[in-house]
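Enquirer: Structure: run.txt, compact mmCIF, C-alpha atoms.
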# COMPACT_ATOMS: atom_id res chain seq x y z
CA MET A 24 -60.67 21.91 60.10
CA LYS A 25 -59.17 19.66 57.54
CA ASN A 26 -60.74 18.94 54.17
CA LYS A 27 -61.97 15.43 53.55
CA ASN A 28 -60.25 14.28 50.41
CA GLU A 29 -61.00 10.79 49.07
CA LYS A 30 -57.81 10.50 47.01
CA GLY A 31 -55.60 10.76 50.11
CA LEU A 32 -53.83 13.97 49.10
CA LYS A 33 -53.24 16.39 51.93
CA GLY A 34 -55.64 19.25 51.41
CA LEU A 35 -55.51 22.78 52.69
CA SER A 36 -58.38 24.57 54.25
CA ARG A 37 -59.29 27.98 52.94
CA ARG A 38 -58.26 29.59 56.24
CA ASP A 39 -54.83 28.06 56.09
CA PHE A 40 -54.41 29.16 52.50
CA VAL A 41 -55.28 32.74 53.33
CA ARG A 42 -52.99 32.66 56.35
CA MET A 43 -50.13 31.49 54.13
CA GLY A 44 -50.72 34.25 51.63
CA ALA A 45 -50.90 36.92 54.29
CA SER A 46 -47.74 35.84 56.07
CA SER A 47 -45.72 35.69 52.85
CA ALA A 48 -46.98 39.13 51.84
CA LEU A 49 -45.97 40.45 55.25
CA MET A 50 -42.54 38.90 54.99
CA LEU A 51 -41.94 40.43 51.57
CA GLY A 52 -43.36 43.73 52.63
CA LEU A 53 -41.05 44.00 55.62
CA GLY A 54 -38.12 42.05 54.26
CA LEU A 55 -37.49 43.79 50.95
CA PRO A 56 -36.95 47.27 52.40
CA VAL A 57 -34.69 45.76 55.06
CA ALA A 58 -32.69 44.00 52.36
CA ARG A 59 -32.45 47.18 50.31
CA ALA A 60 -31.36 49.21 53.33
CA PHE A 61 -28.75 46.59 54.16
CA SER A 62 -27.50 46.60 50.57
CA ALA A 63 -27.32 50.41 50.54
CA ALA A 64 -25.37 50.45 53.80
CA ALA A 65 -22.97 47.83 52.49
CA ARG A 66 -22.48 49.80 49.28
CA GLU A 67 -21.62 52.84 51.34
CA MET A 68 -18.80 50.81 52.91
CA GLY A 69 -17.63 49.67 49.51
CA TYR A 70 -19.16 46.20 49.47
CA HIS A 71 -21.64 45.21 46.81
CA ILE A 72 -24.41 42.82 47.74
CA PHE A 73 -27.39 41.94 45.55
CA THR A 74 -26.16 44.44 42.95
CA TRP A 75 -22.81 45.30 41.50
CA LYS A 76 -22.15 48.65 40.00
CA ARG A 77 -18.72 49.79 38.95
CA PRO A 78 -17.81 52.58 41.35
CA HIS A 79 -16.93 55.87 39.81
CA TYR A 80 -13.33 56.85 40.34
CA GLU A 81 -11.96 60.31 39.75
CA LYS A 82 -9.00 58.67 38.10
CA ASN A 83 -9.65 55.16 36.85
CA TYR A 84 -6.08 53.90 36.66
CA CYS A 85 -5.58 50.79 34.62
CA MET A 86 -2.53 48.89 33.42
CA VAL A 87 -2.56 47.16 30.06
CA LEU A 88 0.18 44.71 29.21
CA VAL A 89 1.05 44.08 25.60
CA GLU A 90 2.04 40.47 25.90
CA ASN A 91 3.96 39.92 22.69
CA LEU A 92 6.41 42.73 23.44
CA CYS A 93 7.78 41.49 26.75
CA ILE A 94 11.35 40.18 26.53
CA ASP A 95 11.91 39.42 30.22
CA CYS A 96 14.74 41.92 30.56
CA GLU A 97 13.33 42.49 34.06
CA ARG A 98 14.12 46.18 34.00
CA CYS A 99 10.66 46.74 35.44
CA MET A 100 11.43 44.53 38.42
CA ASP A 101 14.78 46.21 38.97
CA ALA A 102 13.26 49.69 38.76
CA CYS A 103 10.50 48.74 41.18
CA LYS A 104 12.92 47.25 43.69
CA LYS A 105 15.14 50.30 43.47
CA THR A 106 12.32 52.84 43.76
CA TRP A 107 10.74 51.24 46.80
CA ASN A 108 13.85 49.91 48.54
CA ILE A 109 12.75 46.31 48.40
CA PRO A 110 15.37 43.84 49.63
CA ASP A 111 16.91 41.74 46.89
CA ILE A 112 15.25 38.45 47.79
CA PRO A 113 13.61 36.44 44.98
CA ASP A 114 10.27 36.07 46.78
CA TYR A 115 10.00 39.81 47.40
CA TYR A 116 8.40 41.10 44.26
CA ARG A 117 5.71 43.64 43.53
CA THR A 118 5.71 42.65 39.91
CA ARG A 119 7.27 39.71 38.15
CA ILE A 120 7.49 37.99 34.79
CA LEU A 121 6.00 34.59 34.13
CA GLU A 122 6.98 32.38 31.25
CA ARG A 123 4.90 30.26 28.94
CA HIS A 124 5.99 27.76 26.33
CA LEU A 125 3.61 27.07 23.46
CA GLU A 126 4.23 23.87 21.57
CA GLN A 127 4.76 24.31 17.85
CA GLU A 128 4.91 21.62 15.23
CA GLY A 129 8.40 20.85 14.06
CA LYS A 130 9.94 23.89 15.76
CA LYS A 131 11.17 24.75 19.20
CA PRO A 132 8.35 25.81 21.51
CA LEU A 133 7.37 29.45 21.26
CA VAL A 134 8.23 31.37 24.41
CA GLU A 135 5.96 34.09 25.77
CA PHE A 136 6.61 36.32 28.73
CA ILE A 137 3.72 37.53 30.85
CA PRO A 138 4.24 40.33 33.37
CA VAL A 139 1.95 40.03 36.38
CA LEU A 140 1.32 42.48 39.17
CA CYS A 141 -1.45 43.67 41.43
CA TYR A 142 -4.42 44.81 39.37
CA HIS A 143 -6.17 46.80 42.11
CA CYS A 144 -9.34 44.87 41.56
CA ASP A 145 -12.78 46.43 41.83
CA VAL A 146 -13.91 43.59 44.09
CA PRO A 147 -10.67 43.08 45.99
CA ALA A 148 -10.55 39.75 47.77
CA CYS A 149 -7.57 40.95 49.78
CA VAL A 150 -9.52 43.86 51.28
CA TYR A 151 -12.36 41.59 52.32
CA ALA A 152 -9.94 39.07 53.80
CA CYS A 153 -8.09 41.58 55.98
CA PRO A 154 -9.16 41.30 59.63
CA THR A 155 -7.74 44.66 60.71
CA SER A 156 -8.65 46.82 57.69
CA ALA A 157 -4.97 47.33 57.01
CA SER A 158 -5.79 46.58 53.39
CA TYR A 159 -8.05 49.23 51.95
CA LYS A 160 -9.19 50.56 48.60
CA ARG A 161 -9.05 54.26 47.94
CA LYS A 162 -12.26 55.85 46.71
CA GLU A 163 -10.60 58.50 44.55
CA ASP A 164 -8.61 56.29 42.26
CA GLY A 165 -9.37 52.73 43.26
CA ILE A 166 -5.82 51.93 44.28
CA VAL A 167 -5.59 49.18 46.89
CA LEU A 168 -3.04 49.94 49.58
CA VAL A 169 -1.77 48.37 52.76
CA ASP A 170 -1.29 50.36 55.96
CA PRO A 171 1.81 48.75 57.44
CA LYS A 172 0.97 49.98 60.94
CA LYS A 173 -2.26 48.03 61.03
CA CYS A 174 -1.00 44.87 59.35
CA ILE A 175 -0.59 41.99 61.79
CA GLY A 176 1.03 39.61 59.32
CA CYS A 177 -1.75 37.02 59.24
CA LYS A 178 -1.19 36.56 55.47
CA GLY A 179 -4.89 36.02 54.86
CA CYS A 180 -4.75 38.45 51.97
CA MET A 181 -1.88 36.50 50.41
CA LEU A 182 -4.16 33.47 50.34
CA ALA A 183 -7.11 35.46 49.10
CA CYS A 184 -5.40 37.12 46.17
CA PRO A 185 -5.87 35.01 43.05
CA TYR A 186 -2.80 36.54 41.43
CA ASP A 187 -0.19 36.01 44.17
CA ALA A 188 0.42 39.73 44.04
CA ARG A 189 1.29 40.19 47.71
CA TYR A 190 4.27 39.16 49.77
CA PHE A 191 5.24 39.48 53.37
CA ASN A 192 8.16 41.83 53.98
CA GLU A 193 10.05 40.78 57.09
CA GLU A 194 11.88 44.10 57.34
CA ILE A 195 8.80 46.23 57.85
CA TYR A 196 6.83 43.28 59.28
CA ALA A 197 3.88 43.94 57.01
CA ILE A 198 2.41 42.89 53.71
CA ASP A 199 3.78 44.71 50.68
CA LYS A 200 2.35 44.94 47.20
CA CYS A 201 2.27 47.06 44.09
CA THR A 202 0.77 50.48 44.73
CA TYR A 203 0.76 51.66 41.09
CA CYS A 204 3.45 53.98 42.50
CA GLN A 205 0.74 56.02 44.15
CA PRO A 206 3.03 58.67 45.74
CA ILE A 207 4.62 59.23 42.33
CA LEU A 208 1.23 59.39 40.60
CA GLU A 209 0.08 62.08 43.00
CA LYS A 210 2.86 64.30 41.77
CA GLY A 211 1.92 63.63 38.18
CA GLY A 212 4.55 61.04 37.32
CA THR A 213 4.30 57.55 35.85
CA PRO A 214 4.93 54.28 37.68
CA ALA A 215 8.54 53.14 37.78
CA CYS A 216 7.96 49.90 35.86
CA VAL A 217 6.21 51.73 33.03
CA GLU A 218 9.08 54.16 32.70
CA ALA A 219 11.69 51.42 32.78
CA CYS A 220 10.14 49.17 30.17
CA PRO A 221 12.17 49.46 26.95
CA THR A 222 9.70 47.77 24.61
CA GLY A 223 6.45 49.50 25.52
CA THR A 224 4.91 46.40 27.07
CA ARG A 225 3.44 48.28 30.01
CA VAL A 226 0.84 50.88 29.19
CA PHE A 227 -0.62 52.79 32.08
CA GLY A 228 -3.15 55.56 32.29
CA ASP A 229 -6.49 56.91 33.32
CA LEU A 230 -9.44 55.25 31.61
CA ASN A 231 -11.58 58.32 32.26
CA ASP A 232 -9.37 60.18 29.82
CA ARG A 233 -10.64 59.17 26.41
CA GLY A 234 -7.53 60.40 24.67
CA SER A 235 -5.13 58.30 26.70
CA LYS A 236 -3.22 55.43 25.19
CA VAL A 237 -4.82 52.95 27.59
CA TYR A 238 -8.30 53.94 26.55
CA LYS A 239 -7.45 53.64 22.88
CA LEU A 240 -5.80 50.25 23.35
CA LEU A 241 -8.75 48.83 25.24
CA HIS A 242 -11.37 50.18 22.90
CA GLN A 243 -10.29 48.69 19.60
CA ILE A 244 -13.00 46.81 17.80
CA GLU A 245 -12.20 43.18 16.99
CA LYS A 246 -9.16 43.17 19.24
CA LYS A 247 -9.13 40.53 21.90
CA ILE A 248 -8.45 41.69 25.44
CA TRP A 249 -8.29 39.37 28.38
CA VAL A 250 -7.69 39.37 32.12
CA LEU A 251 -6.13 36.62 34.14
CA LYS A 252 -8.37 34.37 36.22
CA PRO A 253 -11.75 35.98 35.47
CA GLU A 254 -13.41 33.08 37.30
CA ALA A 255 -12.14 34.51 40.58
CA GLU A 256 -14.64 37.34 40.00
CA THR A 257 -12.45 39.97 41.55
CA ARG A 258 -12.77 42.22 38.49
CA PRO A 259 -9.12 43.14 38.04
CA ARG A 260 -8.33 46.52 36.56
CA GLY A 261 -5.50 45.30 34.42
CA GLY A 262 -5.68 43.46 31.15
CA TYR A 263 -3.66 41.88 28.40
CA ILE A 264 -3.61 42.46 24.68
CA LYS A 265 -1.49 41.36 21.76
CA ILE A 266 -0.63 43.82 19.03
CA MET B 27 66.59 9.60 42.74
CA LYS B 28 67.02 12.44 45.21
CA LYS B 29 68.46 14.68 42.50
CA LEU B 30 65.43 14.17 40.28
CA PHE B 31 62.91 14.93 43.01
CA LEU B 32 63.06 18.73 42.93
CA PRO B 33 62.83 19.18 39.12
CA CYS B 34 60.00 16.66 38.95
CA ALA B 35 58.09 18.45 41.68
CA ILE B 36 58.56 21.82 39.96
CA ILE B 37 57.38 20.43 36.61
CA LEU B 38 54.31 18.82 38.23
CA CYS B 39 53.37 22.03 40.00
CA LEU B 40 53.72 24.14 36.87
CA GLY B 41 51.87 21.56 34.82
CA SER B 42 48.92 21.39 37.18
CA ILE B 43 48.12 25.06 36.51
CA GLY B 44 46.77 23.87 33.16
CA LEU B 45 44.09 21.88 35.01
CA PHE B 46 42.39 25.08 36.13
CA PRO B 47 40.87 26.77 33.07
CA LEU B 48 40.04 30.46 33.11
CA ASP B 49 36.48 30.89 34.34
CA LYS B 50 34.53 32.83 31.73
CA GLY B 51 31.14 31.87 33.11
CA TYR B 52 30.50 29.35 30.37
CA PRO B 53 32.72 26.78 28.64
CA GLN B 54 34.57 28.07 25.60
CA ASP B 55 34.20 25.86 22.56
CA GLU B 56 36.48 26.12 19.59
CA ASP B 57 33.85 27.92 17.54
CA GLY B 58 33.33 30.74 20.00
CA GLY B 59 30.68 29.16 22.20
CA VAL B 60 27.64 30.80 23.67
CA ILE B 61 27.59 34.53 24.36
CA ILE B 62 25.31 35.99 27.01
CA PHE B 63 24.59 39.69 26.58
CA SER B 64 23.51 42.00 29.36
CA LYS B 65 23.68 45.40 27.66
CA PRO B 66 21.56 47.23 26.64
CA VAL B 67 19.05 44.67 27.97
CA LYS B 68 19.49 41.50 29.97
CA GLY B 69 18.37 38.13 28.80
CA VAL B 70 19.85 37.86 25.32
CA TYR B 71 22.02 35.01 24.10
CA PHE B 72 23.89 34.11 20.97
CA SER B 73 25.07 30.65 19.99
CA HIS B 74 27.91 30.19 17.54
CA LYS B 75 26.80 26.59 17.06
CA GLU B 76 23.50 27.71 15.62
CA HIS B 77 25.45 29.73 13.04
CA LYS B 78 27.91 26.97 12.13
CA ASP B 79 27.13 27.20 8.43
CA PHE B 80 29.21 30.37 8.20
CA SER B 81 32.96 30.88 8.43
CA CYS B 82 34.57 33.19 10.98
CA LYS B 83 35.27 36.02 8.56
CA ASP B 84 31.71 36.10 7.20
CA CYS B 85 30.77 38.05 10.33
CA HIS B 86 34.03 38.97 12.00
CA GLU B 87 35.46 40.88 9.08
CA ASP B 88 33.03 43.82 8.82
CA ILE B 89 30.06 43.27 11.07
CA PHE B 90 31.38 42.24 14.46
CA ALA B 91 34.69 42.57 16.24
CA GLU B 92 36.29 39.48 17.68
CA GLU B 93 36.88 40.83 21.16
CA ALA B 94 34.44 39.77 23.83
CA GLY B 95 32.15 42.58 24.92
CA ALA B 96 32.83 44.76 21.86
CA ALA B 97 29.24 44.78 20.60
CA GLU B 98 27.81 45.75 23.98
CA ALA B 99 30.38 48.50 24.46
CA SER B 100 29.91 49.97 21.00
CA GLY B 101 26.56 51.56 21.82
CA ASN B 102 24.99 50.70 18.46
CA PHE B 103 23.73 47.28 19.51
CA THR B 104 20.06 48.30 19.44
CA MET B 105 16.93 46.97 17.76
CA LYS B 106 16.38 50.22 15.87
CA LEU B 107 19.76 49.93 14.19
CA MET B 108 19.28 46.22 13.57
CA GLU B 109 16.09 47.00 11.70
CA LYS B 110 18.19 49.31 9.52
CA GLY B 111 20.66 46.52 8.77
CA GLU B 112 23.41 46.94 11.36
CA THR B 113 25.01 44.14 13.40
CA CYS B 114 22.54 41.23 13.54
CA GLY B 115 20.22 42.98 11.14
CA THR B 116 22.72 42.46 8.31
CA CYS B 117 21.31 38.97 7.79
CA HIS B 118 18.24 38.97 10.03
CA ASP B 119 16.22 41.16 7.71
CA GLY B 120 13.53 38.68 6.72
CA GLU B 121 15.30 37.46 3.57
CA THR B 122 18.56 35.78 4.58
CA ALA B 123 17.14 34.81 7.96
CA PHE B 124 14.15 35.67 10.10
CA SER B 125 13.64 39.37 10.64
CA VAL B 126 14.52 41.04 13.93
CA LYS B 127 10.96 42.39 13.99
CA GLU B 128 9.52 38.94 14.59
CA SER B 129 10.39 35.94 16.76
CA CYS B 130 11.72 38.13 19.57
CA THR B 131 11.99 35.33 22.05
CA LYS B 132 14.32 33.25 19.89
CA CYS B 133 17.22 35.38 21.07
CA HIS B 134 15.56 37.27 23.90
CA ILE B 135 15.20 34.22 26.09
CA GLY B 136 14.89 36.43 29.14
CA VAL B 137 16.53 36.38 32.52
CA LEU B 138 14.69 33.13 33.22
CA GLY B 139 16.07 31.57 30.06
CA ILE B 140 19.61 32.76 30.80
CA ASN B 141 19.49 31.24 34.27
CA ARG B 142 18.49 27.91 32.77
CA LEU B 143 21.17 28.21 30.12
CA ARG B 144 23.87 28.86 32.70
CA LYS B 145 22.81 25.80 34.64
CA LYS B 146 22.96 23.72 31.49
CA LEU B 147 26.36 24.99 30.42
CA ASP B 148 28.03 24.65 33.79
Using the file provided, produce a representation of the structure as structure tokens.
Expert:
Amino acid sequence: MKNKNEKGLKGLSRRDFVRMGASSALMLGLGLPVARAFSAAAREMGYHIFTWKRPHYEKNYCMVLVENLCIDCERCMDACKKTWNIPDIPDYYRTRILERHLEQEGKKPLVEFIPVLCYHCDVPACVYACPTSASYKRKEDGIVLVDPKKCIGCKGCMLACPYDARYFNEEIYAIDKCTYCQPILEKGGTPACVEACPTGTRVFGDLNDRGSKVYKLLHQIEKKIWVLKPEAETRPRGGYIKI
Amino acid sequence: MKKLFLPCAIILCLGSIGLFPLDKGYPQDEDGGVIIFSKPVKGVYFSHKEHKDFSCKDCHEDIFAEEAGAAEASGNFTMKLMEKGETCGTCHDGETAFSVKESCTKCHIGVLGINRLRKKLD
């Protein structure tokens, strides 16, 4: 039964109103637990939906790059290529140095060198993009690795990564990327690029360890720290600082 | 005419050797030119032209040898020693010229800068 309303507005009968309220309450009552269960299941798999909480790693490895110390000697690139037997092709890099020229008045432009590498993001776009789960993120230390046996060479992860950190290695027919020298870290060593750097540009360590140099660098009051491309929302675990 | 042919040919051949200069990787100017260092780190350059206000013996008497590659081979071509006043640090101490502790990328142009420099010089 419809209400008779002189003004011409569409009215609602009391029955319809009550029906609407009941159905929305039912939807919320059933839907919210389903959504929470779905979110919990996704979190179990490593995906974060509706909420984002930083996962707890046993060893929270992080790389901090002190930008004003890099001189582009490329010893880090050479050490990386030598350690991991990467063919000497310019496009095959696990880490590389970018260059930036800042205009100055009346002087030659100031040159800055910016090392970039894989930051083993907390929300890794490459892992989500991989169709075969060849790309995976370790739970213990958050390092993102590629299983070359599962990689089919679709290069979806190369497109997904906002930092161009991955490349396709024709020799092993799989995607290759920086691994934070994970096999060396397991034995208690430091990554090859960190050891090779002569100026102290690359600082690497475990953020869980409050005495480590990385922790102290990142926790200075009034010191600006930044990451590259924060708008990509991948939450990279590698930042830049100027000392 | 026939008698002159052989000596002329010999002279021309010997003379044409002068058309092929020794390849040092970069053209040698009279003042010493541009030096590209690769030890102890790659990506460093030095330009004699930028130091044209000095005479040869201002530097080549006590501070540097004249032979190419002498500084790199000496083993004391490091930033620590420069900060103490050796080699480049003799003048680049902040008073005579900018200090070696600042403006790193003026000389450390990097491997990228060296590649561009080589293309420009060749």
Enquirer: How close does chain A get to chain B? List, as a tab-separated table, each residue of chain A within 9 Å, its nearest atom pair and the distance in Å to one decimal, counting only C-alpha atoms.
Expert:
residue	atom	partner	partner_atom	distance
A:Asn91	CA	B:Cys130	CA	8.6
A:Leu92	CA	B:Cys130	CA	8.0
A:Cys93	CA	B:Thr131	CA	8.8
A:Ile94	CA	B:His134	CA	5.8
A:Asp95	CA	B:Gly136	CA	4.4
A:Cys96	CA	B:Lys68	CA	4.8
A:Glu97	CA	B:Val137	CA	7.1
A:Arg98	CA	B:Val67	CA	7.9
A:Ile120	CA	B:Leu138	CA	8.8
A:Leu121	CA	B:Leu138	CA	8.9
A:Glu122	CA	B:Leu138	CA	8.0
A:Leu133	CA	B:Thr131	CA	7.5
A:Val134	CA	B:Thr131	CA	5.9
A:Glu135	CA	B:Thr131	CA	7.2
A:Phe136	CA	B:Gly136	CA	8.3
A:Pro221	CA	B:Val67	CA	8.4
Enquirer: Would you mind reading off the distance between atom CA of Cys201 of chain A and atom CA of Thr118 of chain A, one decimal, in Å?
Expert: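 Computed distance, atom CA of Cys201 of chain A to atom CA of Thr118 of chain A, equals 7.0 Å.
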Enquirer: When you look at segment 102-116 of chain A with a cut-off of 8 Å (counting all atoms listed in the file), what residues show up, excluding the ones that are within fewer than 6 positions of it in the same chain? I need them as JSON, numbers by chain.
Expert: {"A": [189, 190, 191, 192, 200, 215, 216, 219]}
Enquirer: The selected residues should be written to file as a PDB file, in the coordinates of the input (atoms: C-alpha atoms).
Expert:
ATOM      1  CA  ARG A 189       1.290  40.190  47.710  1.00  0.00           C
ATOM      2  CA  TYR A 190       4.270  39.160  49.770  1.00  0.00           C
ATOM      3  CA  PHE A 191       5.240  39.480  53.370  1.00  0.00           C
ATOM      4  CA  ASN A 192       8.160  41.830  53.980  1.00  0.00           C
ATOM      5  CA  LYS A 200       2.350  44.940  47.200  1.00  0.00           C
ATOM      6  CA  ALA A 215       8.540  53.140  37.780  1.00  0.00           C
ATOM      7  CA  CYS A 216       7.960  49.900  35.860  1.00  0.00           C
ATOM      8  CA  ALA A 219      11.690  51.420  32.780  1.00  0.00           C
TER       9      ALA A 219
END
Enquirer: If we count all atoms listed in the file and set the cut-off at 8 Å, which residues sit around segment 77-89 of chain B, ignoring sequence neighbours fewer than 2 positions away in its own chain? Please answer as a PyMOL selection string.
Expert: chain B and resi 73-75+91-92+112-113+116
Enquirer: Write the selection just made, keeping C-alpha atoms, as an mmCIF file, keeping the file's coordinate frame?
Expert:
data_model
loop_
_atom_site.group_PDB
_atom_site.id
_atom_site.type_symbol
_atom_site.label_atom_id
_atom_site.label_comp_id
_atom_site.auth_asym_id
_atom_site.auth_seq_id
_atom_site.Cartn_x
_atom_site.Cartn_y
_atom_site.Cartn_z
ATOM 1 C CA SER B 73 25.070 30.650 19.990
ATOM 2 C CA HIS B 74 27.910 30.190 17.540
ATOM 3 C CA LYS B 75 26.800 26.590 17.060
ATOM 4 C CA ALA B 91 34.690 42.570 16.240
ATOM 5 C CA GLU B 92 36.290 39.480 17.680
ATOM 6 C CA GLU B 112 23.410 46.940 11.360
ATOM 7 C CA THR B 113 25.010 44.140 13.400
ATOM 8 C CA THR B 116 22.720 42.460 8.310
#
Enquirer: Point out the residue among A:Ala188, A:Leu35, A:Ile195, A:Ala183 with the least atom-to-atom distance to Leu140 of chain A, counting all atoms listed in the file.
Expert: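 Ranked by minimum distance to Leu140 of chain A, first place goes to A:Ala188.
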Enquirer: How many Å lie between atom CA of Gly234 of chain A and atom CA of Gly261 of chain A, rounded to one decimal?
Expert: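 Atom CA of Gly234 of chain A sits 18.1 Å away from atom CA of Gly261 of chain A.
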Enquirer: For atom CA of Val126 of chain B and atom CA of Lys110 of chain B, determine how far apart the two atoms are, in Å to one decimal place.
Expert: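 Interatomic distance here is 10.1 Å.
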Enquirer: Using all atoms listed in the file for the distances, tell me which of B:Lys65, B:His118, B:Lys146, B:Lys29 is nearest to Thr104 of chain B.
Expert: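 Closest to Thr104 of chain B, using all atoms listed in the file: B:Lys65.
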Enquirer: Pick the closest to Ile198 of chain A from A:Ser158, A:Ser235, A:Ser46, A:Gln243: which is it, counting all atoms listed in the file?
Expert: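 Using all atoms listed in the file, Ile198 of chain A sits closest to A:Ser158.
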Enquirer: Can you tell me, as JSON, the centre and edge lengths (Å, one decimal) of the axis-aligned box enclosing all of segment 118-127 of chain B's listed atoms after padding each side by 4 Å?
Expert:
{"center_x": 14.8, "center_y": 38.6, "center_z": 8.8, "size_x": 15.6, "size_y": 15.6, "size_z": 18.4}
Enquirer: What lies within 9 Å of Arg258 of chain A using all atoms listed in the file, ignoring chain neighbours under 3 positions off, as a PyMOL selection string?
Expert: chain A and resi 142-147+250+253+255+261
Enquirer: Nearest to Thr224 of chain A: which of A:Val150, A:Ala48, A:Leu240, A:Ala197 is it, counting all atoms listed in the file?
Expert: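 Comparing A:Val150, A:Ala48, A:Leu240, A:Ala197 against Thr224 of chain A, the winner is A:Leu240.
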